[in-house]
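J.: Have a look at the structure that comes next, please.
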Amino acid sequence: MATDVIEQVRAWLLARNPEVTGIGWDEDLIDSRLIDSLDFPHLLLLLEELAGRELELTPENVVGFRTLRGIRDTVLADATGAGAVSHE
Amino acid sequence: MDTTDVVETLDNLVADATDHHYSPYTRFDWVDELAEEQWWMTPDLLTVAGTRHARELDEKQLMRLSKWESINFFSLNIHGIRELLIEVTRRIHTRGFELPSEFFHRFLGEENGHMWFFAQFCLRYGGKIYPDKSLPVATPEEDAAVANFLVFARILIFEELVDHFNIRMGRDTTLHPLIREVNQVHHDDEWRHIIMGRKLVGLLYEPLRERGDQELRERLDVYLRRYITASVQSLYNPAVYRDAGVPEAFAFREELLRDPARAAYHETFFKRITRFLVSQDIITASPFQEAAA
Ligand SMILES: [Fe+2]
Ligand SMILES: [Fe+2]
């Protein structure tokens, strides 16, 4: 389920920010410094792994990558559904 | 500030760039194809070097990996050049950059050529350019002096990493002549950029040092060491491993990055620039020291 997948993202972010105890659905991951431009490629690769496909990143769609809700509802919306295109 | 020394360096670099000017569009003999089964990259520069995978994969698999790692390496160059073209273009002929502007013209011209021949290589022999994984809208640095310093520090670090690879592949006689040549031609321009980059980074750091703001200096130190680490991590691309037929590409990447044998390689890639930044008191230590210990 998409819920399990998003929990993996949350756990990954929390592991990188040991001083943080929780991340809200609408918290901006960049503004709140949970992730910065140097960490971002790492997050993107994790999301690609969870999505099972390469993700296109554009100035227009980047907003969807900035909150857990955006990641769950847009980036990983079809992560475990039939729509996901496998890498293999 | 005494700029005599900088002016002299700039004059020499501009003169050298003029003497060695060439057209990137006619410089290479693009062969019709490059066979997959050959070394596209010096084996010791592959991300698996020193790990059990370098021993367990057979030569054919390693060669296939070398193909996609070389396409990734040139793709990273393309994206790195895009950033530096944007940032240098923003600054050329603006206040504070009067001195290097003549050099910037050469720099921009040369980098445009580099981007073109790297893209040619990727598209002709790999059929693609690996996409950029960086954040399209980075958080802007509001302090202009800090922003200027960071832009040129990032460019220098990136060029030093690339140059390490170019130097080694330019003289590796086991590689196809075209692959050697692309690396060599790039190196022949880059040494000028690196000399200028060091001067600029030193000059732009001075006023920051003089502020006596320890917190700022620590922030820059941490940032640059993280930038070096992030640069080396960009060499490890799951899409490359997938193209090379490695199963579980993401886990493979994580495993390689955790492998203690890799720290010494990373140290070597950045030895020159780390030594420079430490000697200038810009960073406190190599970012790989902890990992290697
Ligand atoms: Fe270049
Ligand atoms: Fe350059």
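Letters for chains follow the order of the structure tokens (A, B, ...), residue numbers begin at 1 for each chain, and ligand numbers begin at 1 in the order shown.
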Residues of chain A within 8 Å of chain B, counting only C-alpha atoms, what are they? List them as a PyMOL selection string.
T.: chain A and resi 37-41+44-46+49+57-59+62+87-88
J.: Which polymer residues have any atom within 10 Å of an atom of Asn61 of chain A, counting only C-alpha atoms, with same-chain residues fewer than 3 positions away left out, as a list in words?
T.: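 Skipping anything fewer than 3 positions along the chain leaves Glu56, Leu57, Thr58, Gly64, Phe65, Arg66, Gly70, Thr74 and Val75 of chain A; Pro136 of chain B.
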J.: Can I get the selection written as a compact mmCIF listing (two decimals), in the first residue's frame, with N, CA and C atoms?
T.:
```txt
# COMPACT_ATOMS: atom_id res chain seq x y z
N GLU A 56 10.52 12.13 -13.27
CA GLU A 56 10.95 13.35 -13.94
C GLU A 56 10.77 14.52 -13.00
N LEU A 57 11.79 15.33 -12.92
CA LEU A 57 11.77 16.44 -11.98
C LEU A 57 11.85 17.73 -12.79
N THR A 58 10.86 18.58 -12.62
CA THR A 58 10.86 19.84 -13.37
C THR A 58 10.55 20.98 -12.40
N GLY A 64 5.48 19.06 -5.68
CA GLY A 64 4.96 17.78 -5.21
C GLY A 64 5.97 16.98 -4.40
N PHE A 65 7.24 17.33 -4.52
CA PHE A 65 8.29 16.62 -3.81
C PHE A 65 8.60 17.27 -2.46
N ARG A 66 7.93 18.38 -2.18
CA ARG A 66 8.33 19.16 -1.00
C ARG A 66 7.60 18.82 0.28
N GLY A 70 2.41 15.63 -0.68
CA GLY A 70 2.68 15.73 -2.12
C GLY A 70 3.32 14.45 -2.64
N THR A 74 1.05 12.54 -5.19
CA THR A 74 1.42 12.75 -6.60
C THR A 74 2.60 11.85 -7.00
N VAL A 75 3.76 12.05 -6.34
CA VAL A 75 4.96 11.33 -6.76
C VAL A 75 4.78 9.82 -6.67
N PRO B 136 15.65 21.53 -8.84
CA PRO B 136 15.62 22.61 -9.83
C PRO B 136 15.56 24.01 -9.21
```
J.: Go through chain B residue by residue and, counting only C-alpha atoms and all ligand atoms, keep those with an atom at most 7 Å from ligand 2; for each kept residue give the shortest atom pair and its distance in Å to one decimal, ordered by chain and increasing number, as CSV.
T.:
```
residue,atom,partner,partner_atom_place_in_ligand_line,distance
B:Phe107,CA,ligand 2,1 (Fe),6.8
B:Glu111,CA,ligand 2,1 (Fe),5.9
B:Glu159,CA,ligand 2,1 (Fe),5.9
B:Asp189,CA,ligand 2,1 (Fe),6.9
B:Glu190,CA,ligand 2,1 (Fe),4.7
B:His193,CA,ligand 2,1 (Fe),5.1
```
J.: Can those selected residues be exported to a file as a PDB file, in the first residue's frame so that it contains all heavy atoms?
T.:
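Here's the written file out-v2.pdb:
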```
ATOM      1  N   PHE B 107      36.291  31.348 -20.919  1.00  0.00           N
ATOM      2  CA  PHE B 107      35.727  30.280 -20.089  1.00  0.00           C
ATOM      3  C   PHE B 107      34.344  29.857 -20.613  1.00  0.00           C
ATOM      4  O   PHE B 107      34.083  28.677 -20.841  1.00  0.00           O
ATOM      5  CB  PHE B 107      35.640  30.812 -18.641  1.00  0.00           C
ATOM      6  CG  PHE B 107      35.051  29.871 -17.645  1.00  0.00           C
ATOM      7  CD1 PHE B 107      35.857  29.013 -16.912  1.00  0.00           C
ATOM      8  CD2 PHE B 107      33.676  29.860 -17.398  1.00  0.00           C
ATOM      9  CE1 PHE B 107      35.304  28.154 -15.970  1.00  0.00           C
ATOM     10  CE2 PHE B 107      33.129  29.005 -16.465  1.00  0.00           C
ATOM     11  CZ  PHE B 107      33.944  28.146 -15.740  1.00  0.00           C
ATOM     12  N   GLU B 111      33.516  26.289 -22.229  1.00  0.00           N
ATOM     13  CA  GLU B 111      32.546  25.400 -21.577  1.00  0.00           C
ATOM     14  C   GLU B 111      31.379  25.058 -22.500  1.00  0.00           C
ATOM     15  O   GLU B 111      30.860  23.944 -22.477  1.00  0.00           O
ATOM     16  CB  GLU B 111      32.034  26.008 -20.273  1.00  0.00           C
ATOM     17  CG  GLU B 111      33.072  26.071 -19.159  1.00  0.00           C
ATOM     18  CD  GLU B 111      33.603  24.708 -18.725  1.00  0.00           C
ATOM     19  OE1 GLU B 111      33.101  23.671 -19.206  1.00  0.00           O
ATOM     20  OE2 GLU B 111      34.546  24.691 -17.908  1.00  0.00           O
ATOM     21  N   GLU B 159      35.276  20.930 -11.110  1.00  0.00           N
ATOM     22  CA  GLU B 159      36.286  20.833 -12.168  1.00  0.00           C
ATOM     23  C   GLU B 159      37.480  19.980 -11.732  1.00  0.00           C
ATOM     24  O   GLU B 159      38.078  19.278 -12.540  1.00  0.00           O
ATOM     25  CB  GLU B 159      36.748  22.230 -12.601  1.00  0.00           C
ATOM     26  CG  GLU B 159      35.618  23.014 -13.265  1.00  0.00           C
ATOM     27  CD  GLU B 159      36.073  24.230 -14.049  1.00  0.00           C
ATOM     28  OE1 GLU B 159      36.990  24.926 -13.588  1.00  0.00           O
ATOM     29  OE2 GLU B 159      35.492  24.483 -15.123  1.00  0.00           O
ATOM     30  N   ASP B 189      41.942  22.241 -21.640  1.00  0.00           N
ATOM     31  CA  ASP B 189      41.299  23.535 -21.343  1.00  0.00           C
ATOM     32  C   ASP B 189      41.132  23.740 -19.850  1.00  0.00           C
ATOM     33  O   ASP B 189      41.224  24.864 -19.350  1.00  0.00           O
ATOM     34  CB  ASP B 189      39.890  23.589 -21.969  1.00  0.00           C
ATOM     35  CG  ASP B 189      39.932  23.755 -23.486  1.00  0.00           C
ATOM     36  OD1 ASP B 189      40.977  24.166 -24.017  1.00  0.00           O
ATOM     37  OD2 ASP B 189      38.889  23.459 -24.126  1.00  0.00           O
ATOM     38  N   GLU B 190      40.830  22.636 -19.156  1.00  0.00           N
ATOM     39  CA  GLU B 190      40.430  22.775 -17.756  1.00  0.00           C
ATOM     40  C   GLU B 190      41.529  23.276 -16.838  1.00  0.00           C
ATOM     41  O   GLU B 190      41.247  23.917 -15.827  1.00  0.00           O
ATOM     42  CB  GLU B 190      39.885  21.441 -17.218  1.00  0.00           C
ATOM     43  CG  GLU B 190      38.503  21.107 -17.706  1.00  0.00           C
ATOM     44  CD  GLU B 190      37.470  22.181 -17.386  1.00  0.00           C
ATOM     45  OE1 GLU B 190      37.341  22.567 -16.213  1.00  0.00           O
ATOM     46  OE2 GLU B 190      36.807  22.647 -18.323  1.00  0.00           O
ATOM     47  N   HIS B 193      41.059  26.802 -16.256  1.00  0.00           N
ATOM     48  CA  HIS B 193      39.907  27.122 -15.406  1.00  0.00           C
ATOM     49  C   HIS B 193      40.251  26.869 -13.942  1.00  0.00           C
ATOM     50  O   HIS B 193      39.803  27.583 -13.054  1.00  0.00           O
ATOM     51  CB  HIS B 193      38.699  26.275 -15.799  1.00  0.00           C
ATOM     52  CG  HIS B 193      38.290  26.448 -17.238  1.00  0.00           C
ATOM     53  ND1 HIS B 193      37.223  25.789 -17.787  1.00  0.00           N
ATOM     54  CD2 HIS B 193      38.817  27.210 -18.231  1.00  0.00           C
ATOM     55  CE1 HIS B 193      37.103  26.135 -19.065  1.00  0.00           C
ATOM     56  NE2 HIS B 193      38.071  26.987 -19.356  1.00  0.00           N
TER      57      HIS B 193
END
```
J.: Just give me the gap between atom CA of Thr268 of chain B and atom CA of Thr51 of chain B in Å, one decimal is fine.
T.: 15.9 Å
J.: Neighbours of ligand 1 within 12 Å, counting only C-alpha atoms and all ligand atoms, as a PDB file with N, CA and C atoms, in the first residue's frame?
T.:
```
ATOM      1  N   PRO B  24      35.379  23.128 -31.317  1.00  0.00           N
ATOM      2  CA  PRO B  24      34.951  21.822 -30.811  1.00  0.00           C
ATOM      3  C   PRO B  24      34.198  21.029 -31.889  1.00  0.00           C
ATOM      4  N   PHE B  74      29.999  11.773 -18.300  1.00  0.00           N
ATOM      5  CA  PHE B  74      29.835  12.887 -19.233  1.00  0.00           C
ATOM      6  C   PHE B  74      28.491  13.600 -19.013  1.00  0.00           C
ATOM      7  N   LEU B  76      27.048  14.005 -16.097  1.00  0.00           N
ATOM      8  CA  LEU B  76      27.271  14.874 -14.939  1.00  0.00           C
ATOM      9  C   LEU B  76      27.994  16.145 -15.359  1.00  0.00           C
ATOM     10  N   ASN B  77      28.926  15.996 -16.296  1.00  0.00           N
ATOM     11  CA  ASN B  77      29.630  17.159 -16.816  1.00  0.00           C
ATOM     12  C   ASN B  77      28.660  18.132 -17.476  1.00  0.00           C
ATOM     13  N   ILE B  78      27.761  17.580 -18.279  1.00  0.00           N
ATOM     14  CA  ILE B  78      26.792  18.440 -18.975  1.00  0.00           C
ATOM     15  C   ILE B  78      25.982  19.247 -17.963  1.00  0.00           C
ATOM     16  N   HIS B  79      25.500  18.576 -16.916  1.00  0.00           N
ATOM     17  CA  HIS B  79      24.678  19.292 -15.928  1.00  0.00           C
ATOM     18  C   HIS B  79      25.516  20.274 -15.113  1.00  0.00           C
ATOM     19  N   GLY B  80      26.738  19.878 -14.808  1.00  0.00           N
ATOM     20  CA  GLY B  80      27.634  20.783 -14.071  1.00  0.00           C
ATOM     21  C   GLY B  80      27.941  22.025 -14.900  1.00  0.00           C
ATOM     22  N   ILE B  81      28.176  21.824 -16.191  1.00  0.00           N
ATOM     23  CA  ILE B  81      28.477  22.958 -17.071  1.00  0.00           C
ATOM     24  C   ILE B  81      27.269  23.884 -17.167  1.00  0.00           C
ATOM     25  N   ARG B  82      26.061  23.287 -17.221  1.00  0.00           N
ATOM     26  CA  ARG B  82      24.877  24.149 -17.285  1.00  0.00           C
ATOM     27  C   ARG B  82      24.875  25.115 -16.103  1.00  0.00           C
ATOM     28  N   GLU B  83      25.141  24.586 -14.903  1.00  0.00           N
ATOM     29  CA  GLU B  83      25.120  25.445 -13.722  1.00  0.00           C
ATOM     30  C   GLU B  83      26.201  26.526 -13.813  1.00  0.00           C
ATOM     31  N   LEU B  84      27.411  26.123 -14.224  1.00  0.00           N
ATOM     32  CA  LEU B  84      28.458  27.144 -14.233  1.00  0.00           C
ATOM     33  C   LEU B  84      28.270  28.177 -15.340  1.00  0.00           C
ATOM     34  N   LEU B  85      27.695  27.756 -16.475  1.00  0.00           N
ATOM     35  CA  LEU B  85      27.408  28.746 -17.529  1.00  0.00           C
ATOM     36  C   LEU B  85      26.414  29.787 -17.006  1.00  0.00           C
ATOM     37  N   ARG B 106      36.434  33.609 -22.451  1.00  0.00           N
ATOM     38  CA  ARG B 106      37.096  32.378 -22.909  1.00  0.00           C
ATOM     39  C   ARG B 106      36.479  31.177 -22.216  1.00  0.00           C
ATOM     40  N   PHE B 107      36.291  31.348 -20.919  1.00  0.00           N
ATOM     41  CA  PHE B 107      35.727  30.280 -20.089  1.00  0.00           C
ATOM     42  C   PHE B 107      34.344  29.857 -20.613  1.00  0.00           C
ATOM     43  N   LEU B 108      33.486  30.837 -20.849  1.00  0.00           N
ATOM     44  CA  LEU B 108      32.131  30.517 -21.319  1.00  0.00           C
ATOM     45  C   LEU B 108      32.172  29.848 -22.695  1.00  0.00           C
ATOM     46  N   GLY B 109      33.045  30.374 -23.568  1.00  0.00           N
ATOM     47  CA  GLY B 109      33.166  29.791 -24.901  1.00  0.00           C
ATOM     48  C   GLY B 109      33.639  28.349 -24.830  1.00  0.00           C
ATOM     49  N   GLU B 110      34.669  28.142 -24.000  1.00  0.00           N
ATOM     50  CA  GLU B 110      35.215  26.783 -23.891  1.00  0.00           C
ATOM     51  C   GLU B 110      34.200  25.823 -23.274  1.00  0.00           C
ATOM     52  N   GLU B 111      33.516  26.289 -22.229  1.00  0.00           N
ATOM     53  CA  GLU B 111      32.546  25.400 -21.577  1.00  0.00           C
ATOM     54  C   GLU B 111      31.379  25.058 -22.500  1.00  0.00           C
ATOM     55  N   ASN B 112      30.976  26.021 -23.307  1.00  0.00           N
ATOM     56  CA  ASN B 112      29.915  25.720 -24.271  1.00  0.00           C
ATOM     57  C   ASN B 112      30.380  24.602 -25.211  1.00  0.00           C
ATOM     58  N   GLY B 113      31.646  24.676 -25.632  1.00  0.00           N
ATOM     59  CA  GLY B 113      32.204  23.618 -26.484  1.00  0.00           C
ATOM     60  C   GLY B 113      32.254  22.283 -25.757  1.00  0.00           C
ATOM     61  N   HIS B 114      32.669  22.313 -24.496  1.00  0.00           N
ATOM     62  CA  HIS B 114      32.750  21.064 -23.723  1.00  0.00           C
ATOM     63  C   HIS B 114      31.370  20.405 -23.618  1.00  0.00           C
ATOM     64  N   MET B 115      30.389  21.241 -23.299  1.00  0.00           N
ATOM     65  CA  MET B 115      29.040  20.701 -23.139  1.00  0.00           C
ATOM     66  C   MET B 115      28.598  20.047 -24.443  1.00  0.00           C
ATOM     67  N   TRP B 116      28.959  20.692 -25.551  1.00  0.00           N
ATOM     68  CA  TRP B 116      28.570  20.141 -26.854  1.00  0.00           C
ATOM     69  C   TRP B 116      29.240  18.787 -27.095  1.00  0.00           C
ATOM     70  N   PHE B 117      30.567  18.689 -26.859  1.00  0.00           N
ATOM     71  CA  PHE B 117      31.183  17.394 -27.202  1.00  0.00           C
ATOM     72  C   PHE B 117      30.842  16.298 -26.203  1.00  0.00           C
ATOM     73  N   PHE B 118      30.569  16.663 -24.955  1.00  0.00           N
ATOM     74  CA  PHE B 118      30.113  15.634 -24.009  1.00  0.00           C
ATOM     75  C   PHE B 118      28.728  15.122 -24.431  1.00  0.00           C
ATOM     76  N   ILE B 155      32.238  25.420  -8.497  1.00  0.00           N
ATOM     77  CA  ILE B 155      32.773  25.184  -9.836  1.00  0.00           C
ATOM     78  C   ILE B 155      34.155  24.545  -9.737  1.00  0.00           C
ATOM     79  N   LEU B 156      34.984  25.079  -8.841  1.00  0.00           N
ATOM     80  CA  LEU B 156      36.346  24.562  -8.706  1.00  0.00           C
ATOM     81  C   LEU B 156      36.347  23.103  -8.247  1.00  0.00           C
ATOM     82  N   PHE B 158      34.028  20.846  -8.569  1.00  0.00           N
ATOM     83  CA  PHE B 158      33.517  20.025  -9.669  1.00  0.00           C
ATOM     84  C   PHE B 158      34.588  19.841 -10.760  1.00  0.00           C
ATOM     85  N   GLU B 159      35.276  20.930 -11.110  1.00  0.00           N
ATOM     86  CA  GLU B 159      36.286  20.833 -12.168  1.00  0.00           C
ATOM     87  C   GLU B 159      37.480  19.980 -11.732  1.00  0.00           C
ATOM     88  N   GLU B 160      37.806  20.026 -10.448  1.00  0.00           N
ATOM     89  CA  GLU B 160      38.916  19.216  -9.953  1.00  0.00           C
ATOM     90  C   GLU B 160      38.571  17.728  -9.985  1.00  0.00           C
ATOM     91  N   LEU B 161      37.338  17.400  -9.632  1.00  0.00           N
ATOM     92  CA  LEU B 161      36.917  15.995  -9.682  1.00  0.00           C
ATOM     93  C   LEU B 161      36.995  15.491 -11.125  1.00  0.00           C
ATOM     94  N   VAL B 162      36.422  16.277 -12.020  1.00  0.00           N
ATOM     95  CA  VAL B 162      36.408  15.896 -13.425  1.00  0.00           C
ATOM     96  C   VAL B 162      37.838  15.766 -13.959  1.00  0.00           C
ATOM     97  N   ASP B 163      38.693  16.701 -13.562  1.00  0.00           N
ATOM     98  CA  ASP B 163      40.051  16.700 -14.083  1.00  0.00           C
ATOM     99  C   ASP B 163      40.826  15.461 -13.654  1.00  0.00           C
ATOM    100  N   ASN B 166      39.748  12.975 -16.122  1.00  0.00           N
ATOM    101  CA  ASN B 166      40.243  13.299 -17.468  1.00  0.00           C
ATOM    102  C   ASN B 166      41.726  12.978 -17.611  1.00  0.00           C
ATOM    103  N   VAL B 182      38.715  12.735 -25.992  1.00  0.00           N
ATOM    104  CA  VAL B 182      37.699  13.583 -25.359  1.00  0.00           C
ATOM    105  C   VAL B 182      38.195  14.009 -23.973  1.00  0.00           C
ATOM    106  N   ASN B 183      38.753  13.063 -23.251  1.00  0.00           N
ATOM    107  CA  ASN B 183      39.262  13.373 -21.909  1.00  0.00           C
ATOM    108  C   ASN B 183      40.463  14.315 -21.964  1.00  0.00           C
ATOM    109  N   GLN B 184      41.357  14.055 -22.903  1.00  0.00           N
ATOM    110  CA  GLN B 184      42.573  14.868 -23.002  1.00  0.00           C
ATOM    111  C   GLN B 184      42.261  16.305 -23.423  1.00  0.00           C
ATOM    112  N   VAL B 185      41.391  16.444 -24.428  1.00  0.00           N
ATOM    113  CA  VAL B 185      41.037  17.783 -24.915  1.00  0.00           C
ATOM    114  C   VAL B 185      40.382  18.582 -23.783  1.00  0.00           C
ATOM    115  N   HIS B 186      39.551  17.907 -23.010  1.00  0.00           N
ATOM    116  CA  HIS B 186      38.920  18.614 -21.903  1.00  0.00           C
ATOM    117  C   HIS B 186      39.965  19.066 -20.883  1.00  0.00           C
ATOM    118  N   HIS B 187      40.845  18.150 -20.545  1.00  0.00           N
ATOM    119  CA  HIS B 187      41.895  18.514 -19.570  1.00  0.00           C
ATOM    120  C   HIS B 187      42.735  19.689 -20.069  1.00  0.00           C
ATOM    121  N   ASP B 188      43.029  19.712 -21.377  1.00  0.00           N
ATOM    122  CA  ASP B 188      43.881  20.770 -21.929  1.00  0.00           C
ATOM    123  C   ASP B 188      43.272  22.166 -21.754  1.00  0.00           C
ATOM    124  N   ASP B 189      41.942  22.241 -21.640  1.00  0.00           N
ATOM    125  CA  ASP B 189      41.299  23.535 -21.343  1.00  0.00           C
ATOM    126  C   ASP B 189      41.132  23.740 -19.850  1.00  0.00           C
ATOM    127  N   GLU B 190      40.830  22.636 -19.156  1.00  0.00           N
ATOM    128  CA  GLU B 190      40.430  22.775 -17.756  1.00  0.00           C
ATOM    129  C   GLU B 190      41.529  23.276 -16.838  1.00  0.00           C
ATOM    130  N   TRP B 191      42.781  22.995 -17.161  1.00  0.00           N
ATOM    131  CA  TRP B 191      43.819  23.435 -16.229  1.00  0.00           C
ATOM    132  C   TRP B 191      43.796  24.951 -16.078  1.00  0.00           C
ATOM    133  N   ARG B 192      43.420  25.661 -17.173  1.00  0.00           N
ATOM    134  CA  ARG B 192      43.320  27.125 -17.065  1.00  0.00           C
ATOM    135  C   ARG B 192      42.179  27.515 -16.128  1.00  0.00           C
ATOM    136  N   HIS B 193      41.059  26.802 -16.256  1.00  0.00           N
ATOM    137  CA  HIS B 193      39.907  27.122 -15.406  1.00  0.00           C
ATOM    138  C   HIS B 193      40.251  26.869 -13.942  1.00  0.00           C
ATOM    139  N   ILE B 194      41.025  25.824 -13.714  1.00  0.00           N
ATOM    140  CA  ILE B 194      41.362  25.465 -12.338  1.00  0.00           C
ATOM    141  C   ILE B 194      42.318  26.492 -11.717  1.00  0.00           C
TER     142      ILE B 194
END
```
J.: What is the distance, in Å and to one decimal place, between atom CA of Leu13 of chain B and atom CA of Ile195 of chain B?
T.: 8.6 Å
J.: Between B:Gly127, B:Pro43, B:Pro140, B:Pro100, which one has atoms that come closest to Asp31 of chain A, using only C-alpha atoms?
T.: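 Of all the options, B:Pro140 lies closest to Asp31 of chain A.
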J.: As an exercise, work out the distance from atom CA of Thr274 of chain B to atom CA of Pro287 of chain B in Å and give it to one decimal place.
T.: 8.5 Å
J.: May I have all residues of chain A that DSSP, computed from the backbone, assigns to alpha helix (DSSP H), given as a PyMOL selection string?
T.: chain A and resi 2-16+40-51+68-70
J.: Within 7 Å of Leu34 of chain A, counting only C-alpha atoms, which residues show up once you throw out same-chain ones fewer than 2 positions away? Write them as a PyMOL selection string, please.
T.: chain A and resi 13+17+29-30+32+36
J.: My list of candidates is A:Leu76, A:Val63, A:Ala11, A:Asp28. Which is closest to Leu47 of chain A when distances are computed with only C-alpha atoms?
T.: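 Result for the nearest residue to Leu47 of chain A: A:Leu76.
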